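Asks: Structure below; questions to follow.
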Amino acid sequence: MPELPEVETAVRRLRKAIVGRTIADVTALHPALKRRISNAKLRTLRGARVVAAERRGKHQLIALDDGRTLHAHFRMAGDWTVGKADEPLPRFARAYLTFTDGSRVVLDDPRALSTLDLHPAGADLDLGLGPEPSDSSLTAESFHAALAKKRGPIKPVLLDQRVIAGIGNIYAAESLWTAKISPEAKASSLTRRQVGDLLKAIRKVIDRATGARYTDSDVSTLAVYDRKDKPCRRCRTKIERIVQAGRSTYFCPTCQR
Ligand SMILES: [Zn+2]
């Protein structure tokens with residue numbers, strides 16, 4: 001599942017491909033996507049020029065010169081395929097944007113859960129997101145205060161986008177392993193020092209992963225995620241898998257206490 005680093009990589013490619021270009025047409029192909037946003041509505045994008053493409057959490061926001069925002073979210077899978085408008089569409093094309101210079105970007109998603117939304121000019125976009133990991137206003141103190149208010153174990157809390165934006169199942173596990181914190185530790189019981197270590201670990205893990213695509217299919221570089229029964233890269237203890245809030249959690253029972 002694309003998390004902050006993969007979405008950041010995608011938005012960088014998207015930005016290069018579309019900023020400054022004028023939209024010729026936008027077409028939704030998948031029935032679920034067409035129900036969410038009609039092609040009639042997408043046609044109103046004709047003639048708009050793209051002024052920016054930004055990431056916020058796992059969301060992508062395409063700003064147009066008329067003030068509107070085209071909002072993309074990959075959810076379980078998804079990526080942009082960049083090419084020319086006259087090339088054949090990829091097998092899992094769910095929507096595409098063509099530009100007046102003959103270029104095209106395709107929303108390519110085998111799971112077909114990606115969404116597109118169009119927000120009017122001046123809309124106050126409340127994405128329900130907490131600070132970005134890279135946000136300088138996010139400090140060990142502020143993170144500690146935020147976690148102190150949460151109930152339950154730290155791992156599911158890290159997936160709560162209102163607490164910190166962009167972390168998903170893979171990088172939550174990797175960050176907790178890096179900070180040597182048990183995924184089952186109560187979020188509110190973590191010391192200020194542990195929270196400081198965790199924030200550092202999150203930043204390190206996210207920075208290292210940015211630039212990669214589809215970590216799901218390449219776990220060779222990961223420390224704990226999807227490594228059940230494999231030796232911990234720090235202490236050789238077998239990695240364990242548990243289920244928390246319906247999601248798999250991988251951790252080392254020896255070095256994450
Ligand atoms: Zn270990």
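By order of appearance in the structure tokens: chains A, B, ..., then residues from 1 within every chain, and ligands from 1 in the order shown.
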Residues of region 117-219 of chain A that approach region 225-240 of chain A to 10 Å or less, counting only C-alpha atoms: could you list each one with the shortest pair of atoms and its distance in Å to one decimal, rows by chain and increasing residue number, as JSON lines?
Replies:
{"residue": "A:Asn169", "atom": "CA", "partner": "A:Tyr225", "partner_atom": "CA", "distance": 8.4}
{"residue": "A:Ile170", "atom": "CA", "partner": "A:Tyr225", "partner_atom": "CA", "distance": 5.9}
{"residue": "A:Tyr171", "atom": "CA", "partner": "A:Tyr225", "partner_atom": "CA", "distance": 8.2}
{"residue": "A:Ala172", "atom": "CA", "partner": "A:Tyr225", "partner_atom": "CA", "distance": 9.2}
{"residue": "A:Ala173", "atom": "CA", "partner": "A:Tyr225", "partner_atom": "CA", "distance": 6.2}
{"residue": "A:Glu174", "atom": "CA", "partner": "A:Tyr225", "partner_atom": "CA", "distance": 6.6}
{"residue": "A:Trp177", "atom": "CA", "partner": "A:Tyr225", "partner_atom": "CA", "distance": 9.5}
{"residue": "A:Thr178", "atom": "CA", "partner": "A:Arg234", "partner_atom": "CA", "distance": 9.7}
{"residue": "A:Asp216", "atom": "CA", "partner": "A:Asp226", "partner_atom": "CA", "distance": 8.8}
{"residue": "A:Val219", "atom": "CA", "partner": "A:Asp226", "partner_atom": "CA", "distance": 7.0}
Asks: Those residues with N, CA, C and O atoms, as a PDB file, in the first residue's frame please?
Replies:
ATOM      1  N   ASN A 169       0.935   0.860   7.487  1.00  0.00           N
ATOM      2  CA  ASN A 169       1.291  -0.356   8.207  1.00  0.00           C
ATOM      3  C   ASN A 169       2.783  -0.706   8.131  1.00  0.00           C
ATOM      4  O   ASN A 169       3.355  -1.189   9.104  1.00  0.00           O
ATOM      5  N   ILE A 170       3.379  -0.468   6.989  1.00  0.00           N
ATOM      6  CA  ILE A 170       4.801  -0.839   6.827  1.00  0.00           C
ATOM      7  C   ILE A 170       5.690   0.064   7.676  1.00  0.00           C
ATOM      8  O   ILE A 170       6.495  -0.406   8.495  1.00  0.00           O
ATOM      9  N   TYR A 171       5.539   1.371   7.513  1.00  0.00           N
ATOM     10  CA  TYR A 171       6.486   2.286   8.169  1.00  0.00           C
ATOM     11  C   TYR A 171       6.192   2.466   9.654  1.00  0.00           C
ATOM     12  O   TYR A 171       7.086   2.853  10.404  1.00  0.00           O
ATOM     13  N   ALA A 172       4.974   2.123  10.089  1.00  0.00           N
ATOM     14  CA  ALA A 172       4.707   2.098  11.537  1.00  0.00           C
ATOM     15  C   ALA A 172       5.544   0.992  12.172  1.00  0.00           C
ATOM     16  O   ALA A 172       6.223   1.201  13.185  1.00  0.00           O
ATOM     17  N   ALA A 173       5.528  -0.199  11.555  1.00  0.00           N
ATOM     18  CA  ALA A 173       6.308  -1.331  12.081  1.00  0.00           C
ATOM     19  C   ALA A 173       7.802  -1.019  12.041  1.00  0.00           C
ATOM     20  O   ALA A 173       8.528  -1.263  13.019  1.00  0.00           O
ATOM     21  N   GLU A 174       8.261  -0.479  10.933  1.00  0.00           N
ATOM     22  CA  GLU A 174       9.684  -0.181  10.774  1.00  0.00           C
ATOM     23  C   GLU A 174      10.151   0.876  11.784  1.00  0.00           C
ATOM     24  O   GLU A 174      11.233   0.770  12.353  1.00  0.00           O
ATOM     25  N   TRP A 177      10.351  -0.605  15.359  1.00  0.00           N
ATOM     26  CA  TRP A 177      11.542  -1.477  15.476  1.00  0.00           C
ATOM     27  C   TRP A 177      12.794  -0.603  15.624  1.00  0.00           C
ATOM     28  O   TRP A 177      13.636  -0.843  16.485  1.00  0.00           O
ATOM     29  N   THR A 178      12.888   0.424  14.793  1.00  0.00           N
ATOM     30  CA  THR A 178      14.056   1.312  14.828  1.00  0.00           C
ATOM     31  C   THR A 178      14.192   1.981  16.195  1.00  0.00           C
ATOM     32  O   THR A 178      15.299   2.105  16.731  1.00  0.00           O
ATOM     33  N   ASP A 216       5.822  -2.826  -0.930  1.00  0.00           N
ATOM     34  CA  ASP A 216       5.109  -4.082  -0.650  1.00  0.00           C
ATOM     35  C   ASP A 216       5.753  -5.257  -1.357  1.00  0.00           C
ATOM     36  O   ASP A 216       5.824  -6.355  -0.838  1.00  0.00           O
ATOM     37  N   VAL A 219      10.469  -6.464   0.053  1.00  0.00           N
ATOM     38  CA  VAL A 219      10.660  -6.330   1.492  1.00  0.00           C
ATOM     39  C   VAL A 219      12.114  -6.583   1.882  1.00  0.00           C
ATOM     40  O   VAL A 219      12.458  -6.560   3.050  1.00  0.00           O
TER      41      VAL A 219
END
Asks: Please identify which residues in region 25-196 of chain A DSSP calls strand (DSSP E or B) from the backbone, and express them as an NGL selection string.
Replies: :A and (25-28 or 49-56 or 59-64 or 69-73 or 79-84 or 93-99 or 103-108 or 115-119 or 153 or 186)
Asks: Next, write the just-selected residues to a file, as a compact mmCIF listing (two decimals), in the first residue's frame, keeping N, CA and C atoms as the atom set.
Replies:
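So out-v5.txt came out as:
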# COMPACT_ATOMS: atom_id res chain seq x y z
N ASP A 25 -8.30 17.19 -21.66
CA ASP A 25 -9.46 16.41 -21.24
C ASP A 25 -9.10 15.54 -20.03
N VAL A 26 -10.12 15.19 -19.26
CA VAL A 26 -9.95 14.24 -18.16
C VAL A 26 -11.07 13.22 -18.29
N THR A 27 -10.72 11.95 -18.25
CA THR A 27 -11.71 10.90 -18.44
C THR A 27 -11.59 9.86 -17.34
N ALA A 28 -12.71 9.54 -16.71
CA ALA A 28 -12.75 8.42 -15.76
C ALA A 28 -13.20 7.19 -16.54
N ARG A 49 -5.17 25.22 -16.42
CA ARG A 49 -3.73 24.98 -16.40
C ARG A 49 -3.33 24.52 -15.00
N VAL A 50 -2.44 23.54 -14.98
CA VAL A 50 -1.98 23.01 -13.68
C VAL A 50 -0.90 23.94 -13.12
N VAL A 51 -1.11 24.43 -11.92
CA VAL A 51 -0.11 25.33 -11.33
C VAL A 51 0.75 24.64 -10.26
N ALA A 52 0.27 23.56 -9.69
CA ALA A 52 1.07 22.87 -8.67
C ALA A 52 0.54 21.45 -8.47
N ALA A 53 1.41 20.59 -7.97
CA ALA A 53 1.01 19.24 -7.55
C ALA A 53 1.74 18.97 -6.25
N GLU A 54 0.94 18.81 -5.18
CA GLU A 54 1.53 18.69 -3.85
C GLU A 54 1.02 17.44 -3.15
N ARG A 55 1.80 16.95 -2.21
CA ARG A 55 1.36 15.84 -1.37
C ARG A 55 1.00 16.36 0.01
N ARG A 56 -0.06 15.82 0.58
CA ARG A 56 -0.39 16.07 1.98
C ARG A 56 -0.82 14.72 2.55
N HIS A 59 -2.40 11.97 0.41
CA HIS A 59 -3.24 12.61 -0.61
C HIS A 59 -2.39 13.39 -1.60
N GLN A 60 -2.89 13.53 -2.83
CA GLN A 60 -2.22 14.36 -3.82
C GLN A 60 -3.18 15.44 -4.29
N LEU A 61 -2.70 16.68 -4.27
CA LEU A 61 -3.54 17.82 -4.59
C LEU A 61 -2.99 18.53 -5.82
N ILE A 62 -3.79 18.53 -6.88
CA ILE A 62 -3.39 19.18 -8.14
C ILE A 62 -4.11 20.52 -8.20
N ALA A 63 -3.33 21.60 -8.09
CA ALA A 63 -3.92 22.94 -8.06
C ALA A 63 -4.02 23.48 -9.48
N LEU A 64 -5.19 24.06 -9.79
CA LEU A 64 -5.43 24.59 -11.13
C LEU A 64 -5.47 26.12 -11.11
N THR A 69 -9.18 22.45 -7.16
CA THR A 69 -8.18 21.44 -6.81
C THR A 69 -8.68 20.07 -7.21
N LEU A 70 -7.89 19.37 -7.99
CA LEU A 70 -8.17 17.98 -8.30
C LEU A 70 -7.39 17.14 -7.30
N HIS A 71 -8.12 16.31 -6.59
CA HIS A 71 -7.60 15.62 -5.42
C HIS A 71 -7.55 14.11 -5.71
N ALA A 72 -6.36 13.55 -5.67
CA ALA A 72 -6.19 12.11 -5.95
C ALA A 72 -5.75 11.38 -4.70
N HIS A 73 -6.25 10.16 -4.53
CA HIS A 73 -5.82 9.32 -3.41
C HIS A 73 -5.71 7.89 -3.93
N ASP A 79 -0.74 4.27 -9.15
CA ASP A 79 0.43 5.04 -9.53
C ASP A 79 0.08 5.82 -10.80
N TRP A 80 0.94 6.74 -11.16
CA TRP A 80 0.75 7.48 -12.40
C TRP A 80 1.62 6.87 -13.49
N THR A 81 1.05 6.70 -14.66
CA THR A 81 1.84 6.30 -15.82
C THR A 81 1.89 7.50 -16.76
N VAL A 82 3.09 7.94 -17.02
CA VAL A 82 3.28 9.16 -17.81
C VAL A 82 3.65 8.77 -19.23
N GLY A 83 3.01 9.41 -20.21
CA GLY A 83 3.35 9.09 -21.59
C GLY A 83 2.69 10.06 -22.55
N LYS A 84 2.48 9.58 -23.77
CA LYS A 84 1.84 10.40 -24.79
C LYS A 84 0.38 9.98 -24.96
N ALA A 93 -5.74 1.03 -16.34
CA ALA A 93 -6.04 2.46 -16.40
C ALA A 93 -7.43 2.71 -15.81
N ARG A 94 -7.53 3.61 -14.84
CA ARG A 94 -8.82 3.92 -14.20
C ARG A 94 -9.32 5.30 -14.57
N ALA A 95 -8.37 6.18 -14.95
CA ALA A 95 -8.71 7.53 -15.39
C ALA A 95 -7.47 8.07 -16.09
N TYR A 96 -7.67 9.09 -16.90
CA TYR A 96 -6.48 9.72 -17.47
C TYR A 96 -6.72 11.18 -17.76
N LEU A 97 -5.62 11.92 -17.73
CA LEU A 97 -5.65 13.34 -18.07
C LEU A 97 -4.79 13.52 -19.31
N THR A 98 -5.33 14.21 -20.31
CA THR A 98 -4.51 14.54 -21.47
C THR A 98 -4.29 16.05 -21.47
N PHE A 99 -3.18 16.45 -22.07
CA PHE A 99 -2.79 17.86 -22.07
C PHE A 99 -2.68 18.36 -23.50
N SER A 103 0.68 15.26 -24.23
CA SER A 103 1.12 14.34 -23.18
C SER A 103 -0.10 13.83 -22.40
N ARG A 104 0.14 12.80 -21.61
CA ARG A 104 -0.96 12.18 -20.87
C ARG A 104 -0.43 11.57 -19.57
N VAL A 105 -1.21 11.65 -18.50
CA VAL A 105 -0.92 10.86 -17.30
C VAL A 105 -2.14 9.98 -17.02
N VAL A 106 -1.83 8.74 -16.69
CA VAL A 106 -2.88 7.75 -16.45
C VAL A 106 -2.85 7.36 -14.99
N LEU A 107 -4.02 7.32 -14.38
CA LEU A 107 -4.15 6.75 -13.03
C LEU A 107 -4.29 5.25 -13.21
N ASP A 108 -3.24 4.54 -12.81
CA ASP A 108 -3.08 3.12 -13.12
C ASP A 108 -3.21 2.37 -11.79
N THR A 115 -9.12 7.16 -5.80
CA THR A 115 -10.22 8.10 -5.98
C THR A 115 -9.71 9.42 -6.58
N LEU A 116 -10.64 10.10 -7.26
CA LEU A 116 -10.42 11.47 -7.73
C LEU A 116 -11.60 12.30 -7.24
N ASP A 117 -11.33 13.48 -6.76
CA ASP A 117 -12.38 14.41 -6.37
C ASP A 117 -12.00 15.79 -6.88
N LEU A 118 -13.01 16.60 -7.14
CA LEU A 118 -12.76 17.96 -7.61
C LEU A 118 -13.33 18.93 -6.58
N HIS A 119 -12.45 19.78 -6.05
CA HIS A 119 -12.89 20.74 -5.03
C HIS A 119 -12.98 22.14 -5.65
N PRO A 153 -2.75 0.68 22.20
CA PRO A 153 -1.34 0.49 21.86
C PRO A 153 -0.85 1.44 20.76
N LYS A 186 1.35 0.98 25.44
CA LYS A 186 0.27 1.97 25.40
C LYS A 186 0.85 3.30 24.90
Asks: Based on DSSP run over this structure's backbone, return all residues of region 138-249 of chain A in alpha helix (DSSP H), as a VMD selection string.
Replies: chain A and resid 140 to 148 154 to 158 169 to 178 192 to 209
Asks: Please determine, counting only C-alpha atoms, which residue among A:Cys252, A:Arg91, A:Leu158, A:Thr191 has the shortest atom-to-atom distance to Leu29 (chain A).
Replies: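 Ranking A:Cys252, A:Arg91, A:Leu158, A:Thr191 by distance to Leu29 (chain A), first place goes to A:Arg91.
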Asks: Nearest residue to ligand 1 out of A:Arg43, A:Arg208, A:Lys155, A:Lys180, using only C-alpha atoms and all ligand atoms?
Replies: A:Lys180
Asks: For a quick check of understanding, using only C-alpha atoms, which of A:Pro31, A:Gly152, A:Gly166, A:Pro2 has the smallest distance to Leu190 (chain A)?
Replies: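 That would be A:Gly152, the residue with the smallest distance to Leu190 (chain A).
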Asks: Using only C-alpha atoms, which of the listed residues (A:Leu4, A:Leu14, A:Ile167, A:Leu45) sits closest to Pro120 (chain A)?
Replies: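 Closest residue, counting only C-alpha atoms: A:Leu45.
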Asks: Excluding Ala112 (chain A) and any residue of its chain fewer than 3 positions from it, enumerate the residues within 8 Å of it, using only C-alpha atoms, and give them as a PDB file with C-alpha atoms, in the first residue's frame.
Replies:
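Output (around_7.pdb):
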ATOM      1  CA  HIS A  30     -13.743   2.663 -14.003  1.00  0.00           C
ATOM      2  CA  ALA A  77      -2.574   0.631  -4.814  1.00  0.00           C
ATOM      3  CA  GLY A  78      -2.146   3.032  -7.698  1.00  0.00           C
ATOM      4  CA  PHE A  92      -5.402  -1.091 -15.230  1.00  0.00           C
ATOM      5  CA  ARG A  94      -8.817   3.917 -14.201  1.00  0.00           C
ATOM      6  CA  ASP A 109      -4.491   0.939 -10.342  1.00  0.00           C
TER       7      ASP A 109
END
Asks: Set the distance at 10 Å and use only C-alpha atoms: which residues neighbour Ala140 (chain A) once local chain neighbours fewer than 2 positions away are removed? I'd like the list as a list in words.
Replies: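 What passes the distance filter is Ser137, Leu138, Ser142, Phe143, His144, Ala145, Ala146, Arg192, Arg193, Gln194, Val195, Gly196, Asp197, Leu198, Leu199 and Lys200 of chain A.
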Asks: Could you state the separation of CA of Ala24 (chain A) and CA of Arg46 (chain A) in Å, given to one decimal place?
Replies: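 Taking CA of Ala24 (chain A) as the start and CA of Arg46 (chain A) as the end point, the length is 5.2 Å.
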Asks: Of the candidates A:Ala48, A:Met1, A:Val19, A:Val163, which shows the shortest atom-to-atom distance to Leu129 (chain A), using only C-alpha atoms?
Replies: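 When distances to Leu129 (chain A) are compared using only C-alpha atoms, the smallest one comes from A:Val163.
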Asks: May I ask which of the residues A:Pro253, A:Pro131, A:Gly102, A:Pro183 is the closest one to ligand 1, counting only C-alpha atoms and all ligand atoms?
Replies: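 Of A:Pro253, A:Pro131, A:Gly102, A:Pro183, the one nearest ligand 1 is A:Pro253, counting only C-alpha atoms and all ligand atoms.
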Asks: How many Å lie between CA of Ala179 (chain A) and CA of Ala245 (chain A), rounded to one decimal?
Replies: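 CA of Ala245 (chain A) lies 21.3 Å from CA of Ala179 (chain A).
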Asks: Which residues, written as a ChimeraX atom specification, have at least one atom at most 9 Å from Arg151 (chain A), with only C-alpha atoms counted and residues fewer than 5 positions away on the same chain left out?
Replies: /A:157,186-188
Asks: How about saving the chosen residues, N, CA, C and O atoms kept, as a tab-separated table (two decimals), in the first residue's frame?
Replies:
chain	number	residue	atom	x	y	z
A	157	VAL	N	-2.21	3.53	16.79
A	157	VAL	CA	-2.26	5.00	16.92
A	157	VAL	C	-1.41	5.67	15.82
A	157	VAL	O	-1.79	6.71	15.28
A	186	LYS	N	1.35	0.98	25.44
A	186	LYS	CA	0.27	1.97	25.40
A	186	LYS	C	0.85	3.30	24.90
A	186	LYS	O	1.86	3.77	25.43
A	187	ALA	N	0.18	3.92	23.94
A	187	ALA	CA	0.65	5.19	23.39
A	187	ALA	C	0.83	6.22	24.50
A	187	ALA	O	1.81	6.97	24.53
A	188	SER	N	-0.12	6.22	25.43
A	188	SER	CA	-0.11	7.25	26.48
A	188	SER	C	0.95	6.98	27.55
A	188	SER	O	1.22	7.86	28.38
